[in-house]
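Source file: start22.cif; contents: mmCIF, C-alpha atoms.
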```cif
data_final
#
loop_
_atom_site.label_atom_id
_atom_site.label_comp_id
_atom_site.auth_asym_id
_atom_site.auth_seq_id
_atom_site.Cartn_x
_atom_site.Cartn_y
_atom_site.Cartn_z
CA MET A 1 92.53 103.26 90.25
CA ARG A 2 89.92 101.19 92.07
CA PHE A 3 89.60 100.60 95.81
CA ASP A 4 87.26 97.98 97.29
CA ILE A 5 86.94 98.26 101.06
CA ILE A 6 85.39 95.44 103.08
CA THR A 7 83.94 96.44 106.45
CA VAL A 8 81.17 95.75 108.95
CA LEU A 9 80.56 99.50 109.29
CA PRO A 10 80.23 100.89 105.75
CA SER A 11 78.47 104.08 106.88
CA LEU A 12 81.56 105.06 108.87
CA LEU A 13 83.31 105.68 105.55
CA ASP A 14 80.59 107.80 103.94
CA SER A 15 82.08 111.13 104.98
CA PRO A 16 85.82 110.56 104.37
CA PHE A 17 85.24 109.53 100.78
CA ALA A 18 82.66 112.24 99.96
CA HIS A 19 84.77 115.35 100.42
CA SER A 20 87.83 117.24 99.29
CA ILE A 21 90.53 115.47 97.27
CA LEU A 22 88.90 112.04 97.40
CA GLN A 23 85.63 113.42 96.08
CA ARG A 24 87.49 115.32 93.35
CA ALA A 25 89.39 112.21 92.27
CA GLN A 26 86.17 110.25 91.91
CA LYS A 27 84.40 113.02 89.98
CA LYS A 28 87.36 113.22 87.59
CA GLY A 29 87.19 109.48 87.05
CA LEU A 30 90.73 109.05 88.37
CA SER A 31 89.68 106.83 91.25
CA GLU A 32 86.79 104.55 92.17
CA ILE A 33 86.03 103.79 95.81
CA HIS A 34 83.57 101.01 96.61
CA VAL A 35 82.61 100.03 100.15
CA HIS A 36 81.24 96.52 100.79
CA ASN A 37 79.24 95.46 103.83
CA LEU A 38 80.79 92.26 105.18
CA ARG A 39 77.46 91.26 106.73
CA ASP A 40 76.04 90.80 103.22
CA TYR A 41 78.31 87.75 103.02
CA ALA A 42 77.44 86.28 106.42
CA THR A 43 76.50 82.60 106.43
CA ASN A 44 73.83 82.73 109.15
CA LYS A 45 70.41 84.31 109.46
CA HIS A 46 71.59 86.74 112.15
CA LYS A 47 74.23 88.21 109.80
CA SER A 48 76.91 87.83 112.46
CA VAL A 49 80.50 87.71 111.21
CA ASP A 50 82.41 86.94 114.42
CA ASP A 51 82.84 84.03 116.82
CA TYR A 52 84.76 83.03 119.95
CA PRO A 53 88.50 82.38 119.55
CA TYR A 54 89.78 78.82 119.60
CA GLY A 55 91.94 78.25 122.66
CA GLY A 56 89.95 80.65 124.78
CA GLY A 57 90.71 84.25 125.64
CA SER A 58 88.82 87.50 125.60
CA GLY A 59 87.16 89.14 122.64
CA MET A 60 85.74 87.87 119.38
CA VAL A 61 87.38 86.96 116.08
CA MET A 62 86.07 87.81 112.61
CA GLN A 63 85.21 84.66 110.67
CA ILE A 64 86.75 83.29 107.50
CA GLU A 65 83.70 82.67 105.34
CA PRO A 66 82.32 86.22 104.95
CA PHE A 67 85.72 87.66 104.05
CA ALA A 68 86.54 84.80 101.68
CA ALA A 69 83.17 85.06 99.93
CA CYS A 70 83.48 88.82 99.41
CA ILE A 71 87.11 88.69 98.27
CA GLU A 72 86.46 85.83 95.85
CA LYS A 73 83.44 87.59 94.36
CA LEU A 74 85.48 90.75 93.79
CA LYS A 75 88.38 88.79 92.31
CA SER A 76 86.00 87.10 89.88
CA GLU A 77 85.02 90.54 88.57
CA HIS A 78 88.31 92.47 88.64
CA GLU A 79 92.06 92.00 88.73
CA TYR A 80 93.74 93.20 91.93
CA ASP A 81 97.34 94.17 92.54
CA GLU A 82 97.09 94.14 96.33
CA ILE A 83 94.84 92.86 99.11
CA ILE A 84 95.72 94.91 102.18
CA TYR A 85 94.75 94.23 105.78
CA MET A 86 94.82 97.23 108.12
CA THR A 87 96.25 95.97 111.41
CA PRO A 88 98.33 97.35 114.30
CA ASP A 89 100.94 94.60 113.78
CA GLY A 90 101.49 95.48 110.13
CA ILE A 91 104.30 97.53 108.61
CA THR A 92 103.92 101.19 109.56
CA LEU A 93 102.59 103.30 106.71
CA ASN A 94 105.04 105.85 105.34
CA GLN A 95 105.38 108.01 102.25
CA SER A 96 107.45 105.41 100.43
CA ILE A 97 104.66 102.83 100.80
CA ALA A 98 102.05 105.36 99.65
CA ASN A 99 104.20 106.23 96.62
CA ASP A 100 104.52 102.57 95.70
CA LEU A 101 100.82 101.83 96.09
CA SER A 102 99.88 104.85 93.98
CA THR A 103 101.44 103.07 90.98
CA LYS A 104 99.15 100.05 91.38
CA GLY A 105 95.85 99.39 89.67
CA ASN A 106 93.11 97.90 91.87
CA ILE A 107 93.35 97.36 95.62
CA ILE A 108 91.17 95.55 98.17
CA ILE A 109 91.38 96.77 101.77
CA LEU A 110 90.14 94.65 104.68
CA CYS A 111 88.95 96.37 107.85
CA GLY A 112 89.17 94.32 111.01
CA HIS A 113 87.15 94.62 114.22
CA TYR A 114 87.04 93.00 117.64
CA LYS A 115 90.28 91.03 118.19
CA GLY A 116 90.96 90.90 114.46
CA ILE A 117 90.38 88.45 111.63
CA ASP A 118 91.03 84.72 111.42
CA GLN A 119 94.72 84.21 110.61
CA ARG A 120 93.86 82.02 107.63
CA ILE A 121 92.42 84.98 105.73
CA ARG A 122 95.75 86.73 106.24
CA ASP A 123 97.67 83.65 105.13
CA VAL A 124 95.62 82.89 102.02
CA PHE A 125 94.50 86.25 100.62
CA VAL A 126 96.41 89.20 102.09
CA THR A 127 99.42 90.54 100.20
CA ARG A 128 100.29 93.40 102.57
CA GLU A 129 99.56 94.26 106.18
CA ILE A 130 99.73 97.94 107.06
CA SER A 131 99.52 99.85 110.34
CA ILE A 132 99.06 103.59 110.76
CA GLY A 133 100.89 103.64 114.10
CA ASP A 134 101.68 101.88 117.33
CA TYR A 135 98.24 102.11 118.86
CA VAL A 136 94.91 100.28 118.60
CA LEU A 137 91.67 101.68 117.21
CA SER A 138 88.17 100.23 117.35
CA GLY A 139 88.37 99.07 113.75
CA GLY A 140 90.18 99.34 110.45
CA GLU A 141 87.85 101.86 108.77
CA LEU A 142 89.69 105.05 109.75
CA PRO A 143 93.10 103.54 108.90
CA ALA A 144 91.65 102.45 105.53
CA ALA A 145 90.44 106.00 104.86
CA ILE A 146 93.88 107.36 105.75
CA LEU A 147 95.58 104.88 103.43
CA VAL A 148 93.26 105.70 100.52
CA ASP A 149 93.77 109.44 101.02
CA ALA A 150 97.56 109.04 101.12
CA ILE A 151 97.48 107.07 97.86
CA VAL A 152 94.86 108.96 95.85
CA ARG A 153 96.45 112.40 96.26
CA LEU A 154 99.51 111.02 94.47
CA ILE A 155 97.61 109.93 91.35
CA PRO A 156 98.49 112.28 88.45
CA GLY A 157 95.71 114.77 87.82
CA VAL A 158 94.13 114.59 91.29
CA LEU A 159 95.85 117.66 92.74
CA SER A 160 95.42 120.97 90.92
CA ASP A 161 99.20 121.49 91.12
CA GLU A 162 100.79 118.14 90.31
CA THR A 163 104.14 119.28 91.73
CA SER A 164 102.59 119.94 95.14
CA ALA A 165 102.76 116.32 96.33
CA LEU A 166 106.42 116.11 95.31
CA SER A 167 107.34 118.81 97.84
CA ASP A 168 105.43 117.30 100.77
CA SER A 169 107.13 116.18 103.94
CA PHE A 170 108.82 112.77 103.68
CA GLN A 171 109.05 112.76 99.88
CA ASP A 172 112.80 113.34 100.08
CA GLY A 173 113.22 111.78 103.51
CA LEU A 174 112.94 115.14 105.28
CA LEU A 175 110.21 117.22 106.87
CA ASP A 176 108.99 120.21 104.92
CA ALA A 177 110.33 123.72 105.56
CA PRO A 178 108.16 126.35 107.30
CA ILE A 179 105.62 127.99 104.98
CA TYR A 180 104.06 131.46 105.05
CA THR A 181 101.47 133.56 103.19
CA ARG A 182 100.03 137.08 103.41
CA PRO A 183 100.23 139.29 105.41
CA ALA A 184 104.01 139.70 105.57
CA GLU A 185 103.71 140.90 109.17
CA TRP A 186 101.11 139.81 111.73
CA ARG A 187 101.09 141.05 115.34
CA GLY A 188 104.80 141.69 115.20
CA HIS A 189 105.61 138.31 113.65
CA LYS A 190 107.32 138.74 110.29
CA VAL A 191 107.84 136.43 107.34
CA PRO A 192 111.58 135.69 106.96
CA ASP A 193 113.15 138.34 104.73
CA ILE A 194 114.67 135.73 102.43
CA LEU A 195 111.18 134.64 101.28
CA LEU A 196 110.41 138.21 100.21
CA SER A 197 113.69 138.70 98.39
CA GLY A 198 112.68 137.22 95.04
CA ASN A 199 116.03 135.41 94.86
CA GLU A 200 114.97 131.89 93.92
CA ALA A 201 118.38 130.31 94.46
CA LYS A 202 118.73 131.76 97.95
CA ILE A 203 115.13 130.84 98.80
CA ASN A 204 115.70 127.22 97.73
CA ALA A 205 118.93 127.08 99.76
CA TRP A 206 117.08 128.46 102.81
CA ARG A 207 114.32 125.89 102.42
CA ASP A 208 116.85 123.06 102.14
CA GLU A 209 118.56 124.28 105.30
CA GLN A 210 115.25 124.59 107.14
CA GLN A 211 114.17 121.09 106.06
CA LEU A 212 117.34 119.57 107.46
CA GLN A 213 117.17 121.60 110.66
CA ARG A 214 113.51 120.81 111.29
CA THR A 215 114.09 117.10 110.65
CA GLN A 216 117.08 117.04 113.01
CA GLU A 217 114.99 118.68 115.73
CA ARG A 218 111.70 116.83 115.30
CA ARG A 219 112.41 113.53 113.57
CA PRO A 220 116.09 112.63 113.87
CA ASP A 221 115.11 109.00 113.26
CA LEU A 222 114.50 109.89 109.60
CA LEU A 223 118.14 110.89 109.26
CA HIS A 224 119.34 107.78 111.08
CA ASP A 225 117.42 105.62 108.60
CA GLU A 226 119.50 106.88 105.70
#
```
Do you think you could lay out the structure here as structure tokens?
Amino acid sequence: MRFDIITVLPSLLDSPFAHSILQRAQKKGLSEIHVHNLRDYATNKHKSVDDYPYGGGSGMVMQIEPFAACIEKLKSEHEYDEIIYMTPDGITLNQSIANDLSTKGNIIILCGHYKGIDQRIRDVFVTREISIGDYVLSGGELPAAILVDAIVRLIPGVLSDETSALSDSFQDGLLDAPIYTRPAEWRGHKVPDILLSGNEAKINAWRDEQQLQRTQERRPDLLHDE
């Protein structure tokens, strides 16, 4: 699976893509992540990629030409299933979206800055607009890294235990149950006896009950969505 990320701050993504699961996926050849500097496609000698908004108002707007040039070059070299723009007014990322995107082939991700990108790029090229929450960040790089991480960990072969992702929170519409490891007792706090019982059926029933209880307490909206 190939990701091409277009940004004005490519160095901001050096660390997220060079560690842990994302690094492992690339070393295994299960994912390719390529970061493109939008300024390389600027049309002026100063390499600026933004201008004042038509109609007035504060802030700057990212221009059409650099994005269009980069996207069209990439599309001339590869087939893409999605061109995604990370934006606060997009659809909020959830596990269902990550699951769907993990079945795709190649994806382009656009990272905005300033007041955002010219609407015509969104109209002509973008196939999905995704937000990571109801707040505004300085740019789309960190949301892009989050999106890539959420997708890549679902690709078969990336995780050492391929069943691990299937038991994550949100996969079945519920939060995960509490989890414990050694020691069985720490400073008077004990692991629930049921988890030490060895009775798989009772343990699974306890986990199901805990998932529902935790979701009711912390995220009742997930139950209301059903």
May I have the residues within 9 Å of Leu175 of chain A as a PDB file with C-alpha atoms, keeping the file's coordinate frame, using all atoms listed in the file and disregarding those fewer than 2 positions away in the same chain?
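Result file follows (result-v9.pdb):
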```
ATOM      1  CA  ASP A 168     105.430 117.300 100.770  1.00  0.00           C
ATOM      2  CA  SER A 169     107.130 116.180 103.940  1.00  0.00           C
ATOM      3  CA  PHE A 170     108.820 112.770 103.680  1.00  0.00           C
ATOM      4  CA  GLN A 171     109.050 112.760  99.880  1.00  0.00           C
ATOM      5  CA  ASP A 172     112.800 113.340 100.080  1.00  0.00           C
ATOM      6  CA  GLY A 173     113.220 111.780 103.510  1.00  0.00           C
ATOM      7  CA  ALA A 177     110.330 123.720 105.560  1.00  0.00           C
ATOM      8  CA  GLN A 210     115.250 124.590 107.140  1.00  0.00           C
ATOM      9  CA  GLN A 211     114.170 121.090 106.060  1.00  0.00           C
ATOM     10  CA  LEU A 212     117.340 119.570 107.460  1.00  0.00           C
ATOM     11  CA  ARG A 214     113.510 120.810 111.290  1.00  0.00           C
ATOM     12  CA  THR A 215     114.090 117.100 110.650  1.00  0.00           C
ATOM     13  CA  ARG A 218     111.700 116.830 115.300  1.00  0.00           C
ATOM     14  CA  ARG A 219     112.410 113.530 113.570  1.00  0.00           C
ATOM     15  CA  LEU A 222     114.500 109.890 109.600  1.00  0.00           C
TER      16      LEU A 222
END
```
### Task
Give as a PyMOL selection string the residues that the PyMOL selection byres ((chain A and resi 122-139) around 8) matches when applied to the coordinates above.
chain A and resi 82-93+111-114+117-121+140-143
### Residues within 12 Å of (84.8, 88.1, 107.6), file coords, only C-alpha atoms, listed as a ChimeraX atom specification
/A:6-8,36-43,47-51,60-71,85,110-114,116-122
### Query
Using the chain letters and numbers from the file, which residues does the PyMOL selection byres ((chain A and resi 104) around 9) grab, as a PyMOL selection string?
chain A and resi 1+80-82+100-103+105-107
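The gap separating atom CA of Asp161 of chain A from atom CA of Lys202 of chain A is 23.1 Å, in Å to one decimal.
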### Query
Which of these, A:Ile155, A:Ala201, A:Ile97, A:Leu223, has the shortest distance to Leu174 of chain A once you count all atoms listed in the file?
A:Leu223
### Task
Taking the file above as input, evaluate the PyMOL selection byres ((chain A and resi 31) around 8) and report the hits as an MDAnalysis selection string.
chainID A and resid 1:3 25:26 28:30 32:33 152
### Nearest residue to Asp4 of chain A from the set A:Leu22, A:Ala205, A:Ala184, A:Val148 (distances using all atoms listed in the file)
A:Val148
Draw an axis-aligned box tight on the listed atoms of segment 130-135 of chain A, then pad every side by 5 Å and write out centre and edge lengths in Å to one decimal as AutoDock Vina command-line options.
```
--center_x 100.0 --center_y 100.8 --center_z 113.0 --size_x 13.4 --size_y 15.7 --size_z 21.8
```
### Task
Using atom CA of Leu147 of chain A and atom CA of Gly59 of chain A as the two end points, give the distance in Å to one decimal.
26.2 Å
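Taking atom CA of Ser96 of chain A and atom CA of Ile203 of chain A as the two end points, the separation is 26.6 Å.
Minimum atom-to-atom distance to Leu12 of chain A, evaluated using all atoms listed in the file, belongs to A:Ala144 out of A:Pro178, A:Lys75, A:Ala144, A:His46.
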Got a minute to add N, CA, C and O atoms to segment 22-36 of chain A and dump it as a CSV table (one decimal), in the frame of the given file?
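selection06.csv, written as the output of this step:
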```
chain,number,residue,atom,x,y,z
A,22,LEU,N,89.4,113.3,97.8
A,22,LEU,CA,88.9,112.0,97.4
A,22,LEU,C,87.6,112.2,96.6
A,22,LEU,O,87.4,111.4,95.6
A,23,GLN,N,86.8,113.2,96.9
A,23,GLN,CA,85.6,113.4,96.1
A,23,GLN,C,86.0,113.9,94.7
A,23,GLN,O,85.5,113.5,93.7
A,24,ARG,N,87.0,114.8,94.6
A,24,ARG,CA,87.5,115.3,93.4
A,24,ARG,C,88.0,114.2,92.5
A,24,ARG,O,87.8,114.2,91.3
A,25,ALA,N,88.8,113.3,93.0
A,25,ALA,CA,89.4,112.2,92.3
A,25,ALA,C,88.3,111.3,91.7
A,25,ALA,O,88.4,110.9,90.5
A,26,GLN,N,87.3,111.1,92.4
A,26,GLN,CA,86.2,110.2,91.9
A,26,GLN,C,85.4,111.0,90.8
A,26,GLN,O,85.0,110.4,89.8
A,27,LYS,N,85.1,112.3,91.0
A,27,LYS,CA,84.4,113.0,90.0
A,27,LYS,C,85.2,113.1,88.7
A,27,LYS,O,84.6,113.1,87.6
A,28,LYS,N,86.5,113.2,88.8
A,28,LYS,CA,87.4,113.2,87.6
A,28,LYS,C,87.5,111.9,86.9
A,28,LYS,O,88.1,111.8,85.8
A,29,GLY,N,87.0,110.8,87.6
A,29,GLY,CA,87.2,109.5,87.0
A,29,GLY,C,88.6,108.9,87.2
A,29,GLY,O,88.9,107.9,86.6
A,30,LEU,N,89.4,109.5,88.1
A,30,LEU,CA,90.7,109.0,88.4
A,30,LEU,C,90.8,108.0,89.4
A,30,LEU,O,91.8,107.3,89.6
A,31,SER,N,89.7,107.8,90.2
A,31,SER,CA,89.7,106.8,91.2
A,31,SER,C,88.2,106.4,91.5
A,31,SER,O,87.3,107.2,91.3
A,32,GLU,N,88.1,105.1,91.8
A,32,GLU,CA,86.8,104.6,92.2
A,32,GLU,C,86.9,104.0,93.6
A,32,GLU,O,87.9,103.3,93.9
A,33,ILE,N,86.0,104.3,94.4
A,33,ILE,CA,86.0,103.8,95.8
A,33,ILE,C,84.7,103.1,96.1
A,33,ILE,O,83.6,103.7,96.0
A,34,HIS,N,84.8,101.8,96.4
A,34,HIS,CA,83.6,101.0,96.6
A,34,HIS,C,83.7,100.4,98.0
A,34,HIS,O,84.7,99.8,98.3
A,35,VAL,N,82.6,100.6,98.8
A,35,VAL,CA,82.6,100.0,100.2
A,35,VAL,C,81.6,98.9,100.2
A,35,VAL,O,80.5,99.0,99.8
A,36,HIS,N,82.0,97.7,100.8
A,36,HIS,CA,81.2,96.5,100.8
A,36,HIS,C,80.9,96.1,102.2
A,36,HIS,O,81.9,96.1,103.1
```
